[in-house]
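**Student:** I'm passing along data-v6.tsv; it holds TSV, C-alpha atoms.
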chain	number	residue	atom	x	y	z
T	279	MET	CA	37.51	-6.09	28.54
T	280	ARG	CA	38.26	-8.69	25.93
T	281	ASN	CA	36.24	-11.27	27.86
T	282	SER	CA	33.21	-9.06	28.05
T	283	VAL	CA	33.47	-8.44	24.31
T	284	LEU	CA	33.56	-12.17	23.67
T	285	ALA	CA	30.50	-12.60	25.87
T	286	LEU	CA	28.76	-9.86	23.90
T	287	CYS	CA	29.64	-11.57	20.63
T	288	ALA	CA	28.36	-14.90	21.92
T	289	ALA	CA	25.11	-13.21	22.91
T	290	ALA	CA	24.85	-11.63	19.48
T	291	ILE	CA	25.33	-14.98	17.80
T	292	ALA	CA	22.69	-16.57	20.00
T	293	ILE	CA	20.15	-13.99	18.78
T	294	PRO	CA	19.01	-15.09	15.33
T	295	ALA	CA	20.21	-12.69	12.64
T	296	PHE	CA	16.59	-12.19	11.57
T	297	ALA	CA	13.51	-12.20	13.71
T	298	ALA	CA	10.80	-14.56	12.54
T	299	GLU	CA	8.14	-13.65	10.02
T	300	ILE	CA	5.18	-11.81	11.52
T	301	PRO	CA	2.62	-14.29	12.95
T	302	LEU	CA	-0.45	-14.42	10.70
T	303	ALA	CA	-2.78	-13.04	13.37
T	304	GLU	CA	-0.56	-9.99	13.98
T	305	ARG	CA	-0.44	-8.78	10.40
T	306	ARG	CA	-1.81	-5.31	9.76
T	307	SER	CA	-2.26	-3.36	6.57
T	308	GLY	CA	-0.50	-0.02	6.11
T	309	TYR	CA	-4.06	1.35	6.27
T	310	ASP	CA	-4.13	0.70	10.04
T	311	PHE	CA	-1.14	2.98	10.59
T	312	MET	CA	-2.67	5.96	8.77
T	313	SER	CA	-4.43	9.01	10.16
T	314	ARG	CA	-8.21	8.99	10.35
T	315	GLU	CA	-8.45	11.50	7.46
T	316	THR	CA	-6.36	9.36	5.13
T	317	ARG	CA	-8.34	6.25	6.03
T	318	THR	CA	-11.60	8.08	5.32
T	319	MET	CA	-10.17	9.14	1.97
T	320	GLN	CA	-9.48	5.51	1.06
T	321	ASP	CA	-12.88	4.30	2.27
T	322	ASP	CA	-14.99	6.87	0.47
T	323	ASP	CA	-15.02	6.27	-3.29
T	324	THR	CA	-16.08	9.87	-3.93
T	325	ALA	CA	-13.01	11.15	-2.02
T	326	ASN	CA	-10.48	8.50	-3.07
T	327	PRO	CA	-8.41	10.06	-5.89
T	328	GLY	CA	-7.45	6.53	-7.05
T	329	MET	CA	-11.03	6.13	-8.29
T	330	LEU	CA	-10.24	8.54	-11.14
T	331	TRP	CA	-7.72	5.98	-12.40
T	332	VAL	CA	-10.26	3.19	-11.93
T	333	LEU	CA	-12.78	5.14	-14.04
T	334	ASP	CA	-10.16	5.67	-16.75
T	335	GLY	CA	-9.42	1.97	-16.58
T	336	GLU	CA	-13.06	1.13	-17.09
T	337	ALA	CA	-13.14	3.27	-20.24
T	338	LEU	CA	-9.96	1.61	-21.54
T	339	TRP	CA	-11.41	-1.82	-20.79
T	340	LYS	CA	-14.22	-1.09	-23.22
T	341	ARG	CA	-12.20	0.72	-25.89
T	342	LYS	CA	-11.04	-1.16	-28.98
T	343	ALA	CA	-7.29	-1.01	-29.52
T	344	GLY	CA	-4.50	-2.31	-31.71
T	345	VAL	CA	-4.38	-3.93	-35.12
T	346	ALA	CA	-6.83	-6.58	-33.88
T	347	ASP	CA	-9.28	-3.76	-33.10
T	348	ARG	CA	-10.50	-5.53	-30.01
T	349	ALA	CA	-11.27	-4.32	-26.49
T	350	CYS	CA	-10.45	-6.21	-23.30
T	351	GLN	CA	-14.20	-6.56	-22.91
T	352	ASP	CA	-14.55	-8.32	-26.27
T	353	CYS	CA	-12.64	-11.29	-24.85
T	354	HIS	CA	-13.34	-11.03	-21.12
T	355	GLY	CA	-16.85	-9.57	-20.98
T	356	ASP	CA	-17.95	-7.84	-17.81
T	357	ALA	CA	-14.91	-7.23	-15.61
T	358	GLY	CA	-17.08	-7.36	-12.48
T	359	THR	CA	-17.49	-11.07	-13.15
T	360	SER	CA	-14.45	-12.15	-15.15
T	361	MET	CA	-11.84	-10.15	-13.19
T	362	LYS	CA	-13.21	-10.79	-9.72
T	363	GLY	CA	-10.43	-12.30	-7.60
T	364	VAL	CA	-7.80	-12.08	-10.34
T	365	ALA	CA	-5.56	-9.44	-8.73
T	366	ALA	CA	-5.70	-11.40	-5.45
T	367	ARG	CA	-3.75	-14.25	-7.03
T	368	TYR	CA	-1.07	-12.32	-8.95
T	369	PRO	CA	1.89	-12.63	-9.64
T	370	ALA	CA	0.75	-15.87	-11.31
T	371	PHE	CA	2.69	-18.52	-13.18
T	372	ASP	CA	2.78	-17.93	-16.92
T	373	ALA	CA	3.64	-20.97	-19.02
T	374	ALA	CA	4.89	-18.91	-21.98
T	375	HIS	CA	7.50	-17.16	-19.81
T	376	GLY	CA	8.18	-20.15	-17.56
T	377	ARG	CA	7.90	-17.89	-14.50
T	378	PRO	CA	5.40	-15.81	-12.54
T	379	VAL	CA	4.32	-12.52	-14.12
T	380	ASN	CA	2.66	-9.61	-12.33
T	381	LEU	CA	-0.61	-7.96	-13.28
T	382	GLU	CA	1.08	-5.22	-15.31
T	383	GLN	CA	2.90	-7.85	-17.37
T	384	ARG	CA	-0.31	-9.84	-17.81
T	385	VAL	CA	-2.16	-6.77	-19.10
T	386	ASN	CA	0.68	-6.05	-21.51
T	387	ALA	CA	0.73	-9.67	-22.73
T	388	CYS	CA	-2.93	-9.26	-23.71
T	389	ARG	CA	-2.16	-5.91	-25.38
T	390	VAL	CA	0.60	-7.39	-27.49
T	391	ASP	CA	-0.71	-10.90	-28.22
T	392	ARG	CA	-4.47	-10.36	-28.45
T	393	GLN	CA	-4.93	-6.70	-29.30
T	394	LYS	CA	-1.80	-6.49	-31.45
T	395	ALA	CA	-1.04	-3.17	-29.82
T	396	PRO	CA	2.25	-1.85	-28.42
T	397	PRO	CA	2.82	-2.60	-24.73
T	398	LEU	CA	2.00	0.18	-22.26
T	399	ALA	CA	5.00	1.78	-20.54
T	400	HIS	CA	5.66	1.09	-16.85
T	401	GLU	CA	3.94	3.66	-14.64
T	402	SER	CA	2.05	5.12	-17.64
T	403	ARG	CA	-1.39	6.48	-16.87
T	404	ASP	CA	-3.08	3.81	-19.02
T	405	LEU	CA	-1.27	0.84	-17.46
T	406	LEU	CA	-1.97	2.13	-13.94
T	407	ALA	CA	-5.59	2.77	-14.91
T	408	LEU	CA	-6.11	-0.76	-16.25
T	409	THR	CA	-4.40	-2.45	-13.30
T	410	ALA	CA	-6.31	-0.25	-10.84
T	411	TYR	CA	-9.58	-1.18	-12.59
T	412	VAL	CA	-8.79	-4.90	-12.61
T	413	GLY	CA	-7.53	-4.68	-9.02
T	414	ARG	CA	-10.71	-2.92	-7.92
T	415	GLN	CA	-12.70	-6.02	-8.92
T	416	SER	CA	-10.95	-7.92	-6.09
T	417	ARG	CA	-11.45	-5.31	-3.40
T	418	GLY	CA	-12.28	-6.97	-0.09
T	419	LEU	CA	-11.28	-10.44	-1.27
T	420	PRO	CA	-8.48	-12.33	0.50
T	421	VAL	CA	-5.03	-12.43	-1.09
T	422	ALA	CA	-4.39	-16.00	-2.28
T	423	VAL	CA	-1.39	-16.61	-4.54
T	424	PRO	CA	-1.24	-20.32	-5.37
T	425	ILE	CA	2.12	-21.80	-4.41
T	426	ASP	CA	3.06	-25.06	-6.12
T	427	GLU	CA	6.21	-26.71	-7.40
T	428	ARG	CA	6.37	-24.27	-10.32
T	429	THR	CA	6.07	-21.07	-8.26
T	430	LYS	CA	7.94	-22.20	-5.13
T	431	PRO	CA	11.46	-21.47	-6.45
T	432	PHE	CA	10.40	-17.90	-7.32
T	433	LEU	CA	8.77	-17.45	-3.92
T	434	ASP	CA	12.00	-18.59	-2.29
T	435	ALA	CA	14.02	-16.17	-4.42
T	436	GLY	CA	11.71	-13.32	-3.37
T	437	ARG	CA	12.04	-14.29	0.27
T	438	GLY	CA	15.83	-14.29	-0.17
T	439	THR	CA	15.67	-10.71	-1.47
T	440	PHE	CA	13.46	-9.64	1.44
T	441	PHE	CA	15.99	-10.86	4.00
T	442	ARG	CA	19.16	-9.81	2.13
T	443	ARG	CA	21.00	-6.74	3.34
T	444	GLN	CA	21.53	-4.31	0.51
T	445	GLY	CA	23.00	-0.98	-0.41
T	446	GLN	CA	25.43	1.39	1.24
T	447	LEU	CA	23.28	1.40	4.40
T	448	ASN	CA	23.34	-2.42	4.51
T	449	LEU	CA	19.65	-2.78	5.39
T	450	SER	CA	17.21	-5.56	4.60
T	451	CYS	CA	13.47	-5.23	4.07
T	452	ALA	CA	12.97	-7.60	7.02
T	453	GLN	CA	14.93	-5.39	9.43
T	454	CYS	CA	12.38	-2.63	8.99
T	455	HIS	CA	9.16	-4.47	8.11
T	456	ASP	CA	9.44	-7.63	10.26
T	457	ASP	CA	11.63	-6.44	13.13
T	458	ASN	CA	10.75	-2.76	13.57
T	459	TRP	CA	7.23	-2.18	12.23
T	460	GLY	CA	5.21	0.21	14.34
T	461	LYS	CA	8.30	2.19	15.33
T	462	ARG	CA	9.22	5.59	13.94
T	463	LEU	CA	11.78	6.09	11.22
T	464	ALA	CA	12.17	9.84	11.75
T	465	GLY	CA	8.63	11.09	11.03
T	466	SER	CA	7.07	7.97	9.48
T	467	VAL	CA	5.65	4.98	11.27
T	468	ILE	CA	7.16	1.88	9.64
T	469	PRO	CA	4.31	-0.27	8.29
T	470	GLN	CA	4.60	-4.03	7.85
T	471	GLY	CA	5.10	-3.53	4.11
T	472	HIS	CA	2.06	-5.34	2.72
T	473	PRO	CA	1.22	-5.04	-0.99
T	474	THR	CA	-2.58	-5.14	-0.55
T	475	GLY	CA	-3.44	-1.62	-1.73
T	476	TYR	CA	-1.60	-1.39	-5.06
T	477	PRO	CA	-1.74	0.33	-7.41
T	478	LEU	CA	-2.57	3.13	-4.98
T	479	TYR	CA	-2.76	6.87	-4.63
T	480	ARG	CA	0.13	8.23	-2.61
T	481	LEU	CA	-0.25	11.78	-1.34
T	482	GLU	CA	3.52	12.24	-1.61
T	483	TRP	CA	3.39	11.29	-5.31
T	484	GLN	CA	0.23	13.29	-6.02
T	485	GLY	CA	-0.75	10.35	-8.16
T	486	VAL	CA	-1.24	6.61	-8.50
T	487	GLY	CA	1.79	4.32	-8.60
T	488	SER	CA	2.50	0.60	-8.75
T	489	LEU	CA	3.90	-1.64	-6.04
T	490	GLN	CA	7.25	-1.66	-7.83
T	491	ARG	CA	7.37	2.14	-7.70
T	492	ARG	CA	6.82	1.95	-3.91
T	493	LEU	CA	9.52	-0.72	-3.58
T	494	ARG	CA	11.95	1.45	-5.53
T	495	ASN	CA	11.38	4.22	-2.94
T	496	CYS	CA	12.50	1.86	-0.16
T	497	ILE	CA	15.43	0.52	-2.18
T	498	VAL	CA	16.66	4.02	-3.03
T	499	GLY	CA	16.41	4.85	0.68
T	500	MET	CA	18.68	1.88	1.41
T	501	ARG	CA	21.11	3.40	-1.12
T	502	ALA	CA	20.90	0.19	-3.10
T	503	GLN	CA	20.63	-0.15	-6.86
T	504	PRO	CA	16.92	-0.50	-7.73
T	505	TYR	CA	15.80	-3.37	-9.95
T	506	ASP	CA	14.41	-2.39	-13.34
T	507	PHE	CA	10.62	-2.25	-13.58
T	508	GLY	CA	9.42	-5.74	-14.54
T	509	ALA	CA	12.74	-7.42	-13.62
T	510	GLY	CA	12.46	-11.03	-12.44
T	511	GLU	CA	13.87	-10.16	-8.99
T	512	PHE	CA	11.14	-7.56	-8.57
T	513	VAL	CA	8.32	-9.92	-9.56
T	514	ASP	CA	9.71	-12.58	-7.19
T	515	LEU	CA	9.76	-10.01	-4.39
T	516	GLU	CA	6.14	-9.10	-5.22
T	517	LEU	CA	5.24	-12.79	-5.08
T	518	TYR	CA	6.83	-13.13	-1.65
T	519	LEU	CA	5.03	-10.00	-0.39
T	520	MET	CA	1.69	-11.37	-1.64
T	521	TRP	CA	2.34	-14.74	-0.03
T	522	ARG	CA	3.34	-12.96	3.19
T	523	ALA	CA	-0.03	-11.12	3.01
T	524	ARG	CA	-2.06	-14.28	2.28
T	525	GLY	CA	-5.59	-14.01	3.60
T	526	MET	CA	-5.41	-10.20	4.00
T	527	LYS	CA	-7.93	-8.16	2.05
T	528	VAL	CA	-7.24	-6.48	-1.27
T	529	GLU	CA	-7.73	-2.68	-0.88
T	530	THR	CA	-7.06	-1.46	-4.43
T	531	PRO	CA	-7.07	1.45	-5.01
T	532	GLY	CA	-5.56	2.24	-1.61
T	533	VAL	CA	-4.45	5.66	-0.36
T	534	ARG	CA	-1.18	6.24	1.52
T	535	PRO	CA	0.52	9.36	2.91
Z	208	MET	CA	45.04	11.78	2.54
Z	209	ARG	CA	44.39	8.51	0.74
Z	210	ARG	CA	47.06	6.82	2.88
Z	211	ILE	CA	45.47	7.95	6.11
Z	212	VAL	CA	42.09	6.60	5.00
Z	213	VAL	CA	43.55	3.25	3.97
Z	214	ALA	CA	45.40	3.01	7.27
Z	215	ALA	CA	42.17	3.83	9.10
Z	216	LEU	CA	40.22	1.15	7.20
Z	217	VAL	CA	42.91	-1.37	8.13
Z	218	CYS	CA	42.59	-0.25	11.72
Z	219	VAL	CA	38.81	-0.88	11.59
Z	220	ALA	CA	39.48	-4.32	10.13
Z	221	ALA	CA	41.94	-5.07	12.91
Z	222	ASN	CA	39.07	-4.85	15.34
Z	223	ALA	CA	37.64	-8.06	13.96
Z	224	ALA	CA	40.03	-9.61	16.45
Z	225	GLY	CA	37.54	-8.68	19.17
Z	226	GLU	CA	38.53	-5.24	20.44
Z	227	ASP	CA	35.73	-3.06	21.76
Z	228	SER	CA	37.10	0.25	20.60
Z	229	ILE	CA	39.15	2.09	17.99
Z	230	PRO	CA	41.44	4.03	20.32
Z	231	SER	CA	43.07	6.39	17.87
Z	232	SER	CA	41.63	9.05	15.62
Z	233	LEU	CA	40.92	7.96	12.04
Z	234	THR	CA	42.56	11.16	10.78
Z	235	GLY	CA	45.21	11.62	13.42
Z	236	ALA	CA	43.47	14.84	14.49
Z	237	LYS	CA	40.68	15.80	16.90
Z	238	GLY	CA	37.23	16.32	15.48
Z	239	ASP	CA	35.09	19.44	15.69
Z	240	PRO	CA	31.97	19.00	17.87
Z	241	VAL	CA	30.09	21.86	16.18
Z	242	ARG	CA	30.45	20.28	12.76
Z	243	GLY	CA	29.65	16.93	14.39
Z	244	ARG	CA	26.33	18.17	15.66
Z	245	ALA	CA	25.39	19.38	12.18
Z	246	ILE	CA	26.25	15.96	10.73
Z	247	VAL	CA	24.23	14.08	13.36
Z	248	THR	CA	21.11	16.19	12.82
Z	249	ASN	CA	21.29	16.19	9.02
Z	250	ARG	CA	18.92	13.59	7.61
Z	251	GLN	CA	20.83	13.30	4.34
Z	252	VAL	CA	24.31	13.22	5.84
Z	253	GLY	CA	24.44	11.56	9.26
Z	254	LEU	CA	20.96	9.99	9.04
Z	255	CYS	CA	21.27	9.39	12.80
Z	256	LEU	CA	17.88	10.88	13.70
Z	257	LEU	CA	16.09	8.50	11.35
Z	258	CYS	CA	16.60	5.91	14.10
Z	259	HIS	CA	17.83	7.74	17.23
Z	260	SER	CA	16.50	10.63	19.25
Z	261	GLY	CA	18.62	13.03	21.23
Z	262	PRO	CA	18.83	16.49	22.81
Z	263	PHE	CA	17.90	18.34	19.62
Z	264	PRO	CA	14.86	20.48	20.53
Z	265	GLU	CA	14.80	22.07	17.05
Z	266	GLU	CA	14.40	18.70	15.30
Z	267	ARG	CA	10.70	17.88	15.26
Z	268	VAL	CA	10.98	14.36	13.89
Z	269	GLN	CA	13.30	11.86	15.49
Z	270	GLY	CA	13.28	8.07	15.26
Z	271	ASP	CA	12.70	5.49	17.96
Z	272	LEU	CA	14.30	2.33	16.55
Z	273	ALA	CA	17.45	2.86	18.59
Z	274	PRO	CA	18.54	4.00	22.06
Z	275	PRO	CA	18.46	7.79	22.58
Z	276	LEU	CA	21.83	9.48	22.06
Z	277	ASN	CA	21.46	11.40	25.34
Z	278	GLY	CA	24.37	10.54	27.62
Z	279	ALA	CA	26.27	8.61	24.92
Z	280	GLY	CA	29.47	10.49	25.82
Z	281	ARG	CA	29.15	9.50	29.46
Z	282	ARG	CA	28.44	5.81	28.77
Z	283	LEU	CA	31.06	5.27	26.10
Z	284	SER	CA	34.69	6.28	25.67
Z	285	GLU	CA	35.88	8.09	22.57
Z	286	GLY	CA	37.30	4.84	21.17
Z	287	GLU	CA	34.10	2.91	21.88
Z	288	LEU	CA	32.02	5.58	20.15
Z	289	ARG	CA	34.39	5.53	17.16
Z	290	LEU	CA	34.03	1.77	16.72
Z	291	ARG	CA	30.23	1.89	17.05
Z	292	ILE	CA	29.97	4.47	14.30
Z	293	ALA	CA	32.67	3.09	12.03
Z	294	ASP	CA	31.39	-0.47	12.12
Z	295	SER	CA	28.55	-1.33	14.51
Z	296	ALA	CA	28.52	-4.92	13.23
Z	297	ARG	CA	31.69	-5.51	15.26
Z	298	ILE	CA	29.56	-5.13	18.38
Z	299	ASN	CA	26.36	-6.71	17.06
Z	300	PRO	CA	26.48	-8.49	13.69
Z	301	ALA	CA	22.68	-8.24	13.40
Z	302	SER	CA	22.62	-4.49	14.11
Z	303	ILE	CA	20.36	-2.38	11.92
Z	304	MET	CA	22.79	0.53	12.38
Z	305	PRO	CA	24.76	1.06	9.17
Z	306	ALA	CA	28.54	0.74	9.32
Z	307	TYR	CA	29.59	4.30	8.54
Z	308	PHE	CA	33.17	3.52	7.60
Z	309	ARG	CA	33.09	0.21	5.81
Z	310	THR	CA	32.92	-0.30	2.06
Z	311	GLU	CA	33.49	-4.03	1.74
Z	312	GLY	CA	30.97	-6.82	2.30
Z	313	LEU	CA	28.06	-4.78	0.91
Z	314	THR	CA	25.58	-5.89	-1.79
Z	315	ARG	CA	24.05	-3.94	-4.71
Z	316	VAL	CA	25.28	-0.54	-3.59
Z	317	ALA	CA	23.76	2.18	-5.81
Z	318	PRO	CA	26.39	3.44	-8.30
Z	319	ALA	CA	26.45	6.92	-6.74
Z	320	PHE	CA	27.63	5.43	-3.43
Z	321	GLU	CA	29.80	2.59	-4.72
Z	322	GLY	CA	33.14	2.34	-2.91
Z	323	LYS	CA	32.35	5.27	-0.62
Z	324	PRO	CA	31.84	5.02	3.14
Z	325	VAL	CA	28.68	6.72	4.49
Z	326	LEU	CA	30.84	9.28	6.31
Z	327	SER	CA	34.45	10.27	5.73
Z	328	ALA	CA	37.15	9.80	8.38
Z	329	GLU	CA	36.96	13.54	9.15
Z	330	GLN	CA	33.19	13.45	9.53
Z	331	ILE	CA	33.38	10.46	11.87
Z	332	GLU	CA	35.90	12.30	14.06
Z	333	ASP	CA	33.55	15.30	14.16
Z	334	VAL	CA	30.64	13.06	15.20
Z	335	VAL	CA	32.74	11.37	17.89
Z	336	ALA	CA	33.83	14.76	19.24
Z	337	PHE	CA	30.20	15.86	19.37
Z	338	LEU	CA	28.90	12.67	21.02
Z	339	LYS	CA	31.61	13.07	23.69
Z	340	THR	CA	29.87	16.32	24.69
Z	341	LEU	CA	26.58	14.47	25.41
Z	342	ASN	CA	27.03	13.94	29.10
Z	343	GLU	CA	23.45	13.71	30.25
Using structure tokens, write down the structure that the file contains.

**Tutor:**
Amino acid sequence: MRNSVLALCAAAIAIPAFAAEIPLAERRSGYDFMSRETRTMQDDDTANPGMLWVLDGEALWKRKAGVADRACQDCHGDAGTSMKGVAARYPAFDAAHGRPVNLEQRVNACRVDRQKAPPLAHESRDLLALTAYVGRQSRGLPVAVPIDERTKPFLDAGRGTFFRRQGQLNLSCAQCHDDNWGKRLAGSVIPQGHPTGYPLYRLEWQGVGSLQRRLRNCIVGMRAQPYDFGAGEFVDLELYLMWRARGMKVETPGVRP
Amino acid sequence: MRRIVVAALVCVAANAAGEDSIPSSLTGAKGDPVRGRAIVTNRQVGLCLLCHSGPFPEERVQGDLAPPLNGAGRRLSEGELRLRIADSARINPASIMPAYFRTEGLTRVAPAFEGKPVLSAEQIEDVVAFLKTLNE
């Protein structure tokens, strides 16, 4: 018996602890795993509930705010031109913070520094509306976060988080999203975990939520302690997910079950 | 009670030496298969059907990340089942199956679960007793 156990252990050690990252050609958006009805809902702007947030975002884009009494549009002009492709390359390095910041943080930096207005709360209707509106301007464009010597350490940190086992259930993101995608976790098909649709309308939420809200759902499921909204670890994880999805198309605002 | 649990945890640790089973009950008593079945099928308690399927016609959604539980009691002895539930990593360090009776070596456990095993010694005995009834 002991010998067979040793053989088993040797076999286990020979298998790498983590399967490799998904080959580029095999990557699939969460969209591909959805029912036909939900896909139609995402594709049809008149049926996609996320478009209500986009419309709100458009109004906010044009509305003057803060002590500076300036609108986003006063600095950036037409979002269709100035914001095209922006969401596809976030989180992006921000010299003032010395680290990558995500789109929510970028919007709030403009609110505070340029509009002289208070920052918008995480998951508030206005912040989701503005990020959905800015994200919408990149719909269909390929994800392309620039990785250079400044962003590389943060990408590596995010990758570390993705592969680290966490929580009482001792699971890593990679065990589900690299090793077991396409299989069923009880009733849900496990998607590959790509960030391409965010912020998006989730039927379960009955509303729009950010990528970090979605990640918190997975982390709570692992019975791990979630990172605070906007925490560096979270932004690094977002950066890794975007890099992992490089070349895939932005879907914002997506729809998910 | 506390002493039994500590002794049981030590017993799990002793298996690091390369044993393939935990031969004796974690509580010193036999488990109850009826309670065990309820634990296995409960998605908040046993969580087993997130990954496994089994002979549970009333459960509409069952996972397929793991081998079906059908016949587990025929394939594995009581002690082998106990080890696989208490600490599956002893069999396969890369296993996705959570260790149900281990509290050390974990990272960023949510405060509500800190220091607690997924199942208690009693619950594990109930699950083992139930799995032993799965003969086909």

**Student:** When you count all atoms listed in the file, which of these residues is closest to Phe440 in chain T: T:Arg522, T:Arg480, T:Arg377, T:Arg384?

**Tutor:** T:Arg522

**Student:** Show me, as a PDB file with C-alpha atoms, in the frame of the given file, the residues of chain Z whose atoms get within 6 Å of chain T, using all atoms listed in the file for the distance check.

**Tutor:**
ATOM      1  CA  LEU Z 257      16.090   8.500  11.350  1.00  0.00           C
ATOM      2  CA  CYS Z 258      16.600   5.910  14.100  1.00  0.00           C
ATOM      3  CA  VAL Z 268      10.980  14.360  13.890  1.00  0.00           C
ATOM      4  CA  GLN Z 269      13.300  11.860  15.490  1.00  0.00           C
ATOM      5  CA  GLY Z 270      13.280   8.070  15.260  1.00  0.00           C
ATOM      6  CA  ASP Z 271      12.700   5.490  17.960  1.00  0.00           C
ATOM      7  CA  ASN Z 299      26.360  -6.710  17.060  1.00  0.00           C
ATOM      8  CA  ALA Z 301      22.680  -8.240  13.400  1.00  0.00           C
ATOM      9  CA  PRO Z 305      24.760   1.060   9.170  1.00  0.00           C
ATOM     10  CA  THR Z 314      25.580  -5.890  -1.790  1.00  0.00           C
ATOM     11  CA  ARG Z 315      24.050  -3.940  -4.710  1.00  0.00           C
ATOM     12  CA  VAL Z 316      25.280  -0.540  -3.590  1.00  0.00           C
ATOM     13  CA  ALA Z 317      23.760   2.180  -5.810  1.00  0.00           C
TER      14      ALA Z 317
END

**Student:** One decimal, in Å: what's the spacing between CA of Val332 in chain T and CA of His472 in chain T?

**Tutor:**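 Going from CA of Val332 in chain T over to CA of His472 in chain T, I get 21.0 Å.
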
**Student:** So, with all atoms listed in the file as the atoms that count, which of Z:Thr340, Z:Met304, Z:Ala245, Z:Val252 lies closest to Ala273 in chain Z?

**Tutor:** Z:Met304

**Student:** Could you state the separation of CA of Asp434 in chain T and CA of Asn495 in chain T in Å, given to one decimal place?

**Tutor:**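 CA of Asn495 in chain T lies at a distance of 22.8 Å from CA of Asp434 in chain T.
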
**Student:** From the set Z:Glu329, Z:Asp294, Z:Glu311, Z:Glu285, which residue has the shortest atom-to-atom contact distance to Leu341 in chain Z, counting only C-alpha atoms?

**Tutor:**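 Smallest separation from Leu341 in chain Z among the options: Z:Glu285.
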
**Student:** Step by step: start from the point (-3.1, 7.7, 12.0) in the file's coordinates, keep every protein, DNA or RNA residue that has an atom no farther than 12 Å from it, count only C-alpha atoms, and write the set as a ChimeraX atom specification.

**Tutor:** /T:308-318,460,466-467,469,534-535

**Student:** Quick one: everything within 8 Å of Arg281 in chain Z, counting all atoms listed in the file, minus sequence neighbours fewer than 5 positions away in the same chain. Send it as JSON, numbers by chain.

**Tutor:** {"Z": [339, 341, 342, 343]}

**Student:** Would you mind reading off the distance between CA of Ala374 in chain T and CA of Ala387 in chain T, one decimal, in Å?

**Tutor:**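 Interatomic distance here is 10.2 Å.
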
**Student:** Can you pull out the residues contacting Asp514 in chain T? Cut-off 12 Å, using only C-alpha atoms, and skip same-chain residues under 4 positions away; I want them as an mmCIF file with C-alpha atoms, in the frame of the given file.

**Tutor:**
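Result file follows (out.cif):
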data_model
loop_
_atom_site.group_PDB
_atom_site.id
_atom_site.type_symbol
_atom_site.label_atom_id
_atom_site.label_comp_id
_atom_site.auth_asym_id
_atom_site.auth_seq_id
_atom_site.Cartn_x
_atom_site.Cartn_y
_atom_site.Cartn_z
ATOM 1 C CA TYR T 368 -1.070 -12.320 -8.950
ATOM 2 C CA PRO T 369 1.890 -12.630 -9.640
ATOM 3 C CA ALA T 370 0.750 -15.870 -11.310
ATOM 4 C CA PHE T 371 2.690 -18.520 -13.180
ATOM 5 C CA ARG T 377 7.900 -17.890 -14.500
ATOM 6 C CA PRO T 378 5.400 -15.810 -12.540
ATOM 7 C CA VAL T 379 4.320 -12.520 -14.120
ATOM 8 C CA ASN T 380 2.660 -9.610 -12.330
ATOM 9 C CA THR T 429 6.070 -21.070 -8.260
ATOM 10 C CA LYS T 430 7.940 -22.200 -5.130
ATOM 11 C CA PRO T 431 11.460 -21.470 -6.450
ATOM 12 C CA PHE T 432 10.400 -17.900 -7.320
ATOM 13 C CA LEU T 433 8.770 -17.450 -3.920
ATOM 14 C CA ASP T 434 12.000 -18.590 -2.290
ATOM 15 C CA ALA T 435 14.020 -16.170 -4.420
ATOM 16 C CA GLY T 436 11.710 -13.320 -3.370
ATOM 17 C CA ARG T 437 12.040 -14.290 0.270
ATOM 18 C CA GLY T 438 15.830 -14.290 -0.170
ATOM 19 C CA THR T 439 15.670 -10.710 -1.470
ATOM 20 C CA PHE T 440 13.460 -9.640 1.440
ATOM 21 C CA GLN T 490 7.250 -1.660 -7.830
ATOM 22 C CA TYR T 505 15.800 -3.370 -9.950
ATOM 23 C CA GLY T 508 9.420 -5.740 -14.540
ATOM 24 C CA ALA T 509 12.740 -7.420 -13.620
ATOM 25 C CA GLY T 510 12.460 -11.030 -12.440
ATOM 26 C CA TYR T 518 6.830 -13.130 -1.650
ATOM 27 C CA LEU T 519 5.030 -10.000 -0.390
ATOM 28 C CA MET T 520 1.690 -11.370 -1.640
ATOM 29 C CA TRP T 521 2.340 -14.740 -0.030
#

**Student:** Which residues are near Thr530 in chain T? Cut-off 7 Å, only C-alpha atoms, ignore same chain within fewer than 3 positions. Put them as a PyMOL selection string.

**Tutor:** chain T and resi 410+413-414+417+474-478

**Student:** May I have the residues at most 8 Å from (5.7, -5.1, -5.9) in the file's coordinates, counting all atoms listed in the file, as a ChimeraX atom specification?

**Tutor:** /T:473,488-493,512-513,515-517,519

**Student:** Using only C-alpha atoms, can you tell me which of Z:Val334, Z:Pro318, Z:Pro275, Z:Leu290 comes closest to Val241 in chain Z?

**Tutor:**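 Residue with the minimum atom-to-atom distance to Val241 in chain Z: Z:Val334.
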
**Student:** Taking into account all atoms listed in the file, which residue in the set Z:Lys237, Z:Ser295, Z:Phe337, Z:Arg250 is nearest to Asn277 in chain Z?

**Tutor:**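 The closest residue to Asn277 in chain Z is Z:Phe337.
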